[in-house]
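Structure record follows, encoded as structure tokens.
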Protein chains: 4
Amino acid sequence: MDGGTSFFGDLLGSIAERGRSLLDLGRERRPAGAVRAAGVAELCERLLTGQGEASGVALAREILIAYRGLKTGERIAFFETLMLTFGPDAARLDKAVAAHLAAPGGRSVAELHAASEPRRQQLIRRLNLAPGATAQLVAMRADLLESLPRRPDLAEVDRDFTHLFASWFNRGFLVLRRIDWSTPANVLEKIIRYEAVHEIRDWNDLRARVDSPDRRCYAFFHPALVDEPLIFVEVALTREAPDAIAPILDARRTPLDPQAARTAVFYSISNCQRGLGGVTFGNFLIKQVVEEISREFPALRHFVTLSPVPGFRGWLDAEIAGETSLVVTAEDRAALAPLAAGVPDEAARAAARPVVEALAAHYFLVARTAKGKPIDPVARFHLGNGARLERINAFGDLSPRGMSQAYGLMVNYRYVLEDIEKNHEAFFDRGAIVASPQVKKLLRADSQQTLPALREGAG
Amino acid sequence: MDGGTSFFGDLLGSIAERGRSLLDLGRERRPAGAVRAAGVAELCERLLTGQGEASGVALAREILIAYRGLKTGERIAFFETLMLTFGPDAARLDKAVAAHLAAPGGRSVAELHAASEPRRQQLIRRLNLAPGATAQLVAMRADLLESLPRRPDLAEVDRDFTHLFASWFNRGFLVLRRIDWSTPANVLEKIIRYEAVHEIRDWNDLRARVDSPDRRCYAFFHPALVDEPLIFVEVALTREAPDAIAPILDARRTPLDPQAARTAVFYSISNCQRGLGGVTFGNFLIKQVVEEISREFPALRHFVTLSPVPGFRGWLDAEIAGETSLVVTAEDRAALAPLAAGVPDEAARAAARPVVEALAAHYFLVARTAKGKPIDPVARFHLGNGARLERINAFGDLSPRGMSQAYGLMVNYRYVLEDIEKNHEAFFDRGAIVASPQVKKLLRADSQQTLPALREGAG
Amino acid sequence: MDGGTSFFGDLLGSIAERGRSLLDLGRERRPAGAVRAAGVAELCERLLTGQGEASGVALAREILIAYRGLKTGERIAFFETLMLTFGPDAARLDKAVAAHLAAPGGRSVAELHAASEPRRQQLIRRLNLAPGATAQLVAMRADLLESLPRRPDLAEVDRDFTHLFASWFNRGFLVLRRIDWSTPANVLEKIIRYEAVHEIRDWNDLRARVDSPDRRCYAFFHPALVDEPLIFVEVALTREAPDAIAPILDARRTPLDPQAARTAVFYSISNCQRGLGGVTFGNFLIKQVVEEISREFPALRHFVTLSPVPGFRGWLDAEIAGETSLVVTAEDRAALAPLAAGVPDEAARAAARPVVEALAAHYFLVARTAKGKPIDPVARFHLGNGARLERINAFGDLSPRGMSQAYGLMVNYRYVLEDIEKNHEAFFDRGAIVASPQVKKLLRADSQQTLPALREGAG
Amino acid sequence: MDGGTSFFGDLLGSIAERGRSLLDLGRERRPAGAVRAAGVAELCERLLTGQGEASGVALAREILIAYRGLKTGERIAFFETLMLTFGPDAARLDKAVAAHLAAPGGRSVAELHAASEPRRQQLIRRLNLAPGATAQLVAMRADLLESLPRRPDLAEVDRDFTHLFASWFNRGFLVLRRIDWSTPANVLEKIIRYEAVHEIRDWNDLRARVDSPDRRCYAFFHPALVDEPLIFVEVALTREAPDAIAPILDARRTPLDPQAARTAVFYSISNCQRGLGGVTFGNFLIKQVVEEISREFPALRHFVTLSPVPGFRGWLDAEIAGETSLVVTAEDRAALAPLAAGVPDEAARAAARPVVEALAAHYFLVARTAKGKPIDPVARFHLGNGARLERINAFGDLSPRGMSQAYGLMVNYRYVLEDIEKNHEAFFDRGAIVASPQVKKLLRADSQQTLPALREGAG
């Protein structure tokens, strides 16, 4: 029973419908005299200068529909215009700088800030007046991101999108939803499409992941994004922390009675919206799911990930190739050689395992980027969130992807709610990698000598 | 049948519940060692500098609860701290200004903008991480607005709230809802409380306004504001545009079959959230309600307001008092004299009517503020939205409020969808007051000579 | 989070809307040539004999609208027709009886059953085809019940309504909903109207009962009855079982923190639908609310009622009037005399209290109706549900109603989940009144001699 | 905007959840000392005789769970017990018959009816007390139906299920829902599973049928059946009535703009619940979908089916085999011969077409069952609903199923709202087959001589 939430529940229907109606319009055939990039920019100028917003909604809608009709080149031309002619008002800015130099103070700073705001920002806010506009703007930024490699100068425009999206998609506006078999198909379809870590092959595979008693899936949604998850996490309920992914994904396994589970395993986290790249949700998601799932299953004791190590093979191959590696010995090279040829057989694995473990410990605990960060992006994410590195699982993922990224290596990160804060601070303040004793023991003696700040995790 | 919107419908339930739970916490008794203003500011500093947001949600929550425990003076002290120590980073700003002067360009401007952003803005965004925070922040700004008259310097802090709220409460995130007798009581209660134009006396009076076949009420809501209308409008469906408010509010009238209505009368528009002052919703509301209601009753032809004229008596009294008024004649004074004594009898009304009408026409069409705007705030709102001044109704509101504000004067503004754009532009570009011929005819000949730009409305 | 229920949630919207549309039609003015009672019966005949239900929905709708246009006399005439011409098919029944006598067996019995079914039942089922029909049929039966005192012969028709309603309003189809301040006003309005025990004076009084942290209200709904609670119960959360109603209803009391409550008090249960008289919901409601509320507040230990004793004064007055009462002594008469004059003062209450208590114990434990049942209808309800009589509260309700029904007497019944079954069986199998030792101790010695089967409740 | 339906919308959530929880229990492993058939019957006896329903809900739940644990043979034993020991009370019935013979009248008939009611009916009503029971009872009847071929005597038990289900699943309690791509996956999955006419191969095929702009799908639901459609219809929006199914099912076709459609084609209707066999929903569904779809697309003019003819080949083969057929000539046999060998080539189709058309006309218009009904069950359904036979489409379905059932024959039935009533009556009163002139023209002269009542359809 959930007295009183239904009124607000209904609110969203309207948003969703408005969004769909705009999308439908976007599907319409391009009219003969369609508005090209220049025309779109002109409409933008009108939208921005209209004082009373009399027809702002209609104009914003028209612009978004016209934009959808542009081809790739035209879209880039449009972004170029945004960069060149929708920056800050130069005259106003010069005046503001002069005034600030003459008499610095609260007022002059405020005017500096206002005058240096690119007009793009107000334009994007106004575009958002149209029904369903938020989804369109996110799609527009996805286009922009795609063009950045060739047109790095457009990053200036991107900054304004990022700034606004970070504000609009503030965690306070997000909603956590469980994804299960009674979720609408158009949402489930996106879970299939957006799964980035361990591919979901089809609807049966999906069902095994969201509709088994020992599986959970949660996603964040935003009220203004129709039917679109922002990020989702897949969870397995197990007795103990798993050391390999295959048994987790095995559709034919016997499901565990979730009441008997003691461990929740976050085995896949996927961002869904390319257009929201750089706006972070993952840490909030994990923490809220820990709370949610603990409430449902109070007997759960451990919250761990089973994570890929996407940077491991690249790093290791470079070490192997580097003739003077201080890390990889000749014996190591011999033991690792079979891995390059494909999935190693059991004997090869047995021979390589201690080597992989020791080098993995080095990779996580000792190796650093130029900026002094852990090399592994997934490690940066979880350690930055306050997790600790719990266990090294050599050959935890023998899939093609697992082999090609990490010679099969997987790891568990562990989230202990009461340690998150101090782990997080240790990581950011001192660059400390919080790891379990068992991980640290894997380090070879000579690696330990080169060890950066390494704070011991609570046993 | 509304296939497929229910999944999103449910999303809001969660937001609503989170909001309520925070509010509940706020009700808790103040703990003995409660956090005072200085402590709150300290927590804010921590929230702002925490790099990885590890415990951001919890910290934000703690701050908001602590804030609720502060007394008025402490709250002002807190705002003061926000002003003094959460402004822009001065050192970074100096550097940015210097860099811009040395080598102006996209990058230097971007840095200028970033460096001049008060740290308050990021703080407010971070506070919004907590469940239910948005409502709390709106309430915080209401406190701030209340303190402004005595502490005008705090306007600097207010600018940051306004900036963020304008972005968060963008029309694209608002939802229109009909308010009727099946609306939850906690929402209806707020309609009673927030009605600012024609007081709703009790639940029966409310019911007469939302549950009669010839009445409608609509409000805008925001997904993150629990059970809180932002603005609402009350509509009467009538045959013709009414010239007085009493028959509209009469609970004992016989309702009109809405299919027989040709006119929709917007007779009351009220903003609900003091903390959202300055963020405009009204024009969007009127336009969307016109669309909504036209869809329900395609036979509707006219969309008019029945509006108060809150500035009329003040202006007229000043003209009367001014010995050398060019507008008010001695005969006028005589005819108007009885009005000052209270509700005039029929004879007095008959004598005063032509005088009131002519002076009202002058008030709207000729008189201007120092900045060249119409004197009447309601006129500025509707004319700015693209409506035209349709009719002068002398003695349309004989209630104490109506008499004290406007000697009983009311007017109708009319919204013609296809003219809104050009009316709006004429108003903002040329300061033109679009009025009907019948209103213009009321102008005396000598007033017409002093007439500013006055564009003729479509017949 | 309640994944997956929203699809079905939406289903009901449609039912509700259909229901409202029919009601609206019913409000229409009576057309000149409206269908009178005879005409309605004729339409019923058509509806019943149409084989393929081609136009059943339309016909059913027409009949229900026509019925609403009938005046009281005409409605009774219509019921008369239902009785006289929509009974079982006589010829078929004769044949069935003959066949059964000739060759009794499964087939002959089945035909007997089918042939003896009044055609009314199928008619009522068919009337239910129309959108919103269920509510109309319940209203129709309310009319019928009203006419029964003058037309007891129509009870035959009523039996068919009762039979069908008991099937349609089976507990399996009912839904429990919490009623609170976020409940739609049109539902709350009915709570005000239907409260039958302790009148709700206005919306503020209602709010005190549904929106205080130490108050709860729950109702049963049926999917096909639009916005209409069937029965509701008001609950107070207290430390201990209360002995008087005034403190419970006191709007100015300080609410108890519900976490500190150990007792849930059911202080008012009201049936809402006169047309569903005789279909029992109360016992299911109490039991489900006990479960619901225990889940929300696991610290609750006691589930009691604070109940009126509507038959007490009538019984006592008769005993007093009866010259040879074996129950009421001369001293009793003297002590009770002041009660007849209105609310007694404290002294009078002190004098009368032991007498009222002893006689109340007799009333509950000894006195019986001709059929051997407890005299008090509320006692029959709660004891029949498996509760036990826990405590006698003399002068627990000094309101006019409390005095006129029971000389102020109230009682607590107590529900102990694990005893419900055996109490219930003891009551029905052996006529045992399960009462607490403290109630039994109030019995005078001579009353005890006349005591019927009285099973001791668990300490 | 759908003000006010959300409160009731939420009601269903509870029902759905209760239903699921029971189902979950049903999944539990059978406990060692599980209750066998005899034990279940014993529990039923207790449930039935408990007077006050004190523990009815718990008992009903226990019985349903125990039933799910029974194996097929035990279930039949249980049904046998229902037949033998839960029939009417024999003694009471004898008394009732005697009383009726002695003094027949309203009262004696009522008692006859009550006494002849099998106790099973009350038992089933009581079983429905348990949460989620309705779905379980429907499943129980599906078991029963399955056993009927071997145990026709159990039909006596089945009658009681049918009787109650017809009352419970009264059209007044059903809800129409559009099925589309935002429908929950667990509902869509059932659409795939239950499609009985033109198999849905996979999720892509499903999507093509429910998510194209020129396709619609609607289903009836009952509030107490969790996630379970009762019946659904698939609709194609086309310019003209189609004469073959393949183009309709072609996933690669270009969708039609639905605004350009003039015809709605009901090309598949499937019942979902075997346990509701014999309770008719189809006619209501078609009529309500016609209304629904006309509202969405006012330009629609024609409502037709594209229907299989499942009895045609059986009838025709018999005629061919019958040496003295008056219908099939030697030339016919020659032309039809190739059809028996599989899908005929174009030449064979051209040769056979006039023969198939003429014989199809005979099959529909002249041939009759022993009871004088049309032979084809689909024809009985649509003609009984008031449709008319519009067009014969030889070789409209060349799929294996289409060939094996009907030598590829399909037909269109047409629904004209204003003719439904009279067509329906003509069919039931006079056995008239309403057919279009073009169908009647296909009849050979000699067939026409043997023509039964054949009423001409409107133009």
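Residues in the structure tokens are numbered from 1 in each chain, the chains being A, B, ... in the order shown, and ligands are numbered from 1 in the order shown.
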Can you tell me, as a PDB file with C-alpha atoms, in the first residue's frame, which residues in stretch 204-423 of chain C count as alpha helix (DSSP H) by DSSP?
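Output file states_7.pdb follows:
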ATOM      1  CA  ASN C 204     -10.586  19.684   9.758  1.00  0.00           C
ATOM      2  CA  ASP C 205     -12.089  16.949  11.879  1.00  0.00           C
ATOM      3  CA  LEU C 206     -11.501  14.505   9.046  1.00  0.00           C
ATOM      4  CA  ARG C 207      -7.914  15.615   8.706  1.00  0.00           C
ATOM      5  CA  ALA C 208      -7.313  15.036  12.416  1.00  0.00           C
ATOM      6  CA  ARG C 209      -8.503  11.463  11.938  1.00  0.00           C
ATOM      7  CA  VAL C 210      -6.582  10.528   8.792  1.00  0.00           C
ATOM      8  CA  ALA C 246     -13.479  11.715  23.954  1.00  0.00           C
ATOM      9  CA  PRO C 247      -9.682  11.736  24.283  1.00  0.00           C
ATOM     10  CA  ILE C 248      -9.423   9.785  21.035  1.00  0.00           C
ATOM     11  CA  LEU C 249     -11.533  12.282  19.124  1.00  0.00           C
ATOM     12  CA  GLY C 282     -16.053  -6.166   8.388  1.00  0.00           C
ATOM     13  CA  ASN C 283     -14.285  -9.264   9.626  1.00  0.00           C
ATOM     14  CA  PHE C 284     -11.969  -9.359   6.625  1.00  0.00           C
ATOM     15  CA  LEU C 285     -11.255  -5.686   7.013  1.00  0.00           C
ATOM     16  CA  ILE C 286     -10.225  -5.939  10.647  1.00  0.00           C
ATOM     17  CA  LYS C 287      -8.000  -8.905  10.039  1.00  0.00           C
ATOM     18  CA  GLN C 288      -6.243  -7.400   7.076  1.00  0.00           C
ATOM     19  CA  VAL C 289      -5.739  -4.085   8.829  1.00  0.00           C
ATOM     20  CA  VAL C 290      -4.198  -5.914  11.783  1.00  0.00           C
ATOM     21  CA  GLU C 291      -1.708  -7.468   9.368  1.00  0.00           C
ATOM     22  CA  GLU C 292      -1.076  -4.227   7.506  1.00  0.00           C
ATOM     23  CA  ILE C 293      -0.518  -2.167  10.606  1.00  0.00           C
ATOM     24  CA  SER C 294       1.652  -4.792  12.293  1.00  0.00           C
ATOM     25  CA  ARG C 295       3.930  -4.701   9.302  1.00  0.00           C
ATOM     26  CA  GLU C 296       4.249  -0.933   9.555  1.00  0.00           C
ATOM     27  CA  PHE C 312     -27.594  -1.652  26.371  1.00  0.00           C
ATOM     28  CA  ARG C 313     -29.950   1.156  27.348  1.00  0.00           C
ATOM     29  CA  GLY C 314     -32.915  -0.461  25.641  1.00  0.00           C
ATOM     30  CA  TRP C 315     -32.311  -3.702  27.468  1.00  0.00           C
ATOM     31  CA  LEU C 316     -31.609  -1.993  30.777  1.00  0.00           C
ATOM     32  CA  ASP C 317     -34.640   0.284  30.553  1.00  0.00           C
ATOM     33  CA  ALA C 318     -36.802  -2.784  29.949  1.00  0.00           C
ATOM     34  CA  GLU C 319     -35.266  -4.545  32.934  1.00  0.00           C
ATOM     35  CA  ILE C 320     -35.842  -1.464  35.077  1.00  0.00           C
ATOM     36  CA  ALA C 321     -39.401  -1.154  33.858  1.00  0.00           C
ATOM     37  CA  ALA C 330     -33.966  -1.549  44.071  1.00  0.00           C
ATOM     38  CA  GLU C 331     -30.543  -0.192  44.948  1.00  0.00           C
ATOM     39  CA  ASP C 332     -29.600  -0.443  41.278  1.00  0.00           C
ATOM     40  CA  ARG C 333     -32.654   1.568  40.308  1.00  0.00           C
ATOM     41  CA  ALA C 334     -31.727   4.293  42.732  1.00  0.00           C
ATOM     42  CA  ALA C 335     -28.153   4.466  41.519  1.00  0.00           C
ATOM     43  CA  LEU C 336     -29.222   4.503  37.880  1.00  0.00           C
ATOM     44  CA  GLU C 346     -19.061  12.928  38.868  1.00  0.00           C
ATOM     45  CA  ALA C 347     -20.736  11.878  42.089  1.00  0.00           C
ATOM     46  CA  ALA C 348     -23.615  10.266  40.254  1.00  0.00           C
ATOM     47  CA  ARG C 349     -21.157   8.488  38.014  1.00  0.00           C
ATOM     48  CA  ALA C 350     -19.190   7.193  40.985  1.00  0.00           C
ATOM     49  CA  ALA C 351     -22.365   5.835  42.543  1.00  0.00           C
ATOM     50  CA  ALA C 352     -23.648   4.295  39.342  1.00  0.00           C
ATOM     51  CA  ARG C 353     -20.366   2.886  38.051  1.00  0.00           C
ATOM     52  CA  PRO C 354     -20.353  -0.472  39.902  1.00  0.00           C
ATOM     53  CA  VAL C 355     -23.994  -0.985  39.045  1.00  0.00           C
ATOM     54  CA  VAL C 356     -23.456  -0.251  35.368  1.00  0.00           C
ATOM     55  CA  GLU C 357     -20.456  -2.553  35.344  1.00  0.00           C
ATOM     56  CA  ALA C 358     -22.269  -5.445  36.969  1.00  0.00           C
ATOM     57  CA  LEU C 359     -25.309  -5.055  34.771  1.00  0.00           C
ATOM     58  CA  ALA C 360     -23.159  -4.668  31.671  1.00  0.00           C
ATOM     59  CA  ALA C 361     -21.433  -7.926  32.558  1.00  0.00           C
ATOM     60  CA  HIS C 362     -24.858  -9.521  32.850  1.00  0.00           C
ATOM     61  CA  TYR C 363     -25.962  -7.966  29.566  1.00  0.00           C
ATOM     62  CA  PHE C 364     -23.027  -9.431  27.727  1.00  0.00           C
ATOM     63  CA  LEU C 365     -22.460 -12.706  29.516  1.00  0.00           C
ATOM     64  CA  PRO C 377     -25.382  -6.399  17.633  1.00  0.00           C
ATOM     65  CA  VAL C 378     -21.851  -5.043  17.933  1.00  0.00           C
ATOM     66  CA  ALA C 379     -21.023  -7.862  20.347  1.00  0.00           C
ATOM     67  CA  ARG C 380     -22.387 -10.389  17.889  1.00  0.00           C
ATOM     68  CA  PHE C 381     -20.155  -8.918  15.185  1.00  0.00           C
ATOM     69  CA  HIS C 382     -16.887  -8.891  17.127  1.00  0.00           C
ATOM     70  CA  LEU C 383     -17.421 -12.089  19.100  1.00  0.00           C
ATOM     71  CA  GLY C 384     -18.496 -13.793  15.891  1.00  0.00           C
ATOM     72  CA  PRO C 400     -25.816  12.481  23.501  1.00  0.00           C
ATOM     73  CA  ARG C 401     -25.650   9.416  21.299  1.00  0.00           C
ATOM     74  CA  GLY C 402     -23.582   7.483  23.850  1.00  0.00           C
ATOM     75  CA  MET C 403     -25.996   8.355  26.626  1.00  0.00           C
ATOM     76  CA  SER C 404     -29.137   7.625  24.648  1.00  0.00           C
ATOM     77  CA  GLN C 405     -27.914   4.265  23.375  1.00  0.00           C
ATOM     78  CA  ALA C 406     -26.022   2.933  26.340  1.00  0.00           C
ATOM     79  CA  LEU C 417      -4.696 -13.473  16.001  1.00  0.00           C
ATOM     80  CA  GLU C 418      -3.879 -16.933  17.289  1.00  0.00           C
ATOM     81  CA  ASP C 419      -7.111 -17.190  19.299  1.00  0.00           C
ATOM     82  CA  ILE C 420      -9.473 -15.930  16.640  1.00  0.00           C
ATOM     83  CA  GLU C 421     -10.163 -19.348  15.219  1.00  0.00           C
ATOM     84  CA  LYS C 422     -10.997 -21.083  18.482  1.00  0.00           C
ATOM     85  CA  ASN C 423     -12.994 -18.130  19.832  1.00  0.00           C
TER      86      ASN C 423
END
Shell of 7 Å around C:Leu47, only C-alpha atoms, local chain residues under 3 positions omitted, as a list in words: Leu43, Cys44, Gly50, Gly56, Leu59 and Ala60 of chain C
Got time to write the residues from that selection, N, CA and C atoms, as a CSV table (one decimal), in the first residue's frame?
chain,number,residue,atom,x,y,z
C,43,LEU,N,-38.2,-3.4,-21.6
C,43,LEU,CA,-36.8,-3.4,-22.1
C,43,LEU,C,-36.0,-4.6,-21.4
C,44,CYS,N,-36.3,-4.8,-20.1
C,44,CYS,CA,-35.7,-5.9,-19.4
C,44,CYS,C,-36.0,-7.3,-20.1
C,50,GLY,N,-32.7,-11.6,-25.6
C,50,GLY,CA,-31.8,-11.5,-26.8
C,50,GLY,C,-30.8,-12.6,-26.7
C,56,GLY,N,-26.6,-6.0,-26.2
C,56,GLY,CA,-26.8,-6.1,-24.7
C,56,GLY,C,-26.3,-4.9,-24.0
C,59,LEU,N,-28.5,-1.9,-24.5
C,59,LEU,CA,-29.9,-2.1,-23.9
C,59,LEU,C,-29.8,-1.9,-22.4
C,60,ALA,N,-28.7,-2.5,-21.8
C,60,ALA,CA,-28.6,-2.5,-20.4
C,60,ALA,C,-28.4,-1.0,-19.9
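Neighbours of D:Asp257 closer than or equal to 10 Å, with only C-alpha atoms counted and sequence neighbours fewer than 6 positions away skipped, come out as Ser212, Pro213, Asp214, Leu237, Thr238 and Arg239 of chain D.
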Writing out the chosen residues with N, CA and C atoms as a PDB file, in the first residue's frame:
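What follows is the written file again-v3.pdb:
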ATOM      1  N   SER D 212       3.619  -0.965 -34.983  1.00  0.00           N
ATOM      2  CA  SER D 212       3.630  -0.241 -36.249  1.00  0.00           C
ATOM      3  C   SER D 212       2.509   0.788 -36.221  1.00  0.00           C
ATOM      4  N   PRO D 213       2.708   1.918 -36.900  1.00  0.00           N
ATOM      5  CA  PRO D 213       1.647   2.933 -36.867  1.00  0.00           C
ATOM      6  C   PRO D 213       0.325   2.413 -37.439  1.00  0.00           C
ATOM      7  N   ASP D 214       0.362   1.411 -38.321  1.00  0.00           N
ATOM      8  CA  ASP D 214      -0.880   0.920 -38.924  1.00  0.00           C
ATOM      9  C   ASP D 214      -1.326  -0.412 -38.312  1.00  0.00           C
ATOM     10  N   LEU D 237      -4.698  -1.521 -39.966  1.00  0.00           N
ATOM     11  CA  LEU D 237      -5.370  -0.389 -40.589  1.00  0.00           C
ATOM     12  C   LEU D 237      -4.925  -0.346 -42.048  1.00  0.00           C
ATOM     13  N   THR D 238      -5.888  -0.409 -42.945  1.00  0.00           N
ATOM     14  CA  THR D 238      -5.571  -0.520 -44.362  1.00  0.00           C
ATOM     15  C   THR D 238      -6.462   0.424 -45.163  1.00  0.00           C
ATOM     16  N   ARG D 239      -6.133   0.545 -46.446  1.00  0.00           N
ATOM     17  CA  ARG D 239      -7.043   1.334 -47.286  1.00  0.00           C
ATOM     18  C   ARG D 239      -8.313   0.535 -47.549  1.00  0.00           C
TER      19      ARG D 239
END
For D:Arg178, the nearest of the candidates D:Leu112, D:Ile231, D:Ala432, D:Leu443, counting only C-alpha atoms: D:Ile231
Distance query C:Tyr218 at most 8 Å, only C-alpha atoms, self and fewer than 5 positions along chain excluded, as a ChimeraX atom specification: /C:176-179,232-234,289
With 6 Å as the cut-off and only C-alpha atoms counted, what is the closest atom pair between each nearby residue of chain D and chain A? Distances in Å to one decimal, ordered by chain and number, as a Markdown table.
| residue | atom | partner | partner_atom | distance |
| --- | --- | --- | --- | --- |
| D:Ser6 | CA | A:Ser6 | CA | 5.6 |
| D:Trp181 | CA | A:Asn186 | CA | 5.6 |
| D:Ser182 | CA | A:Pro184 | CA | 4.7 |
| D:Thr183 | CA | A:Pro184 | CA | 4.8 |
| D:Pro184 | CA | A:Pro184 | CA | 3.7 |
| D:Ala185 | CA | A:Ala185 | CA | 5.0 |
| D:Asn186 | CA | A:Ser182 | CA | 5.2 |
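The closest residue to A:Gln259, picked from A:Arg301, A:Arg274, A:Arg159, A:Arg120 and counting only C-alpha atoms, is A:Arg301.
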Backbone-only DSSP, strand (DSSP E or B) members of stretch 164-241 of chain A, as JSON, numbers by chain: {"A": [175, 176, 177, 178, 184, 215, 216, 217, 218, 219, 220, 221, 231, 232, 233, 234, 235, 236, 237, 238]}
Given only C-alpha atoms as the counted atoms, nearest of C:Tyr413, C:Phe220, C:Phe161, C:Phe395 to C:Thr305: C:Tyr413
d(atom CA of C:Ala435, atom CA of C:Arg262) in Å: 21.3 Å
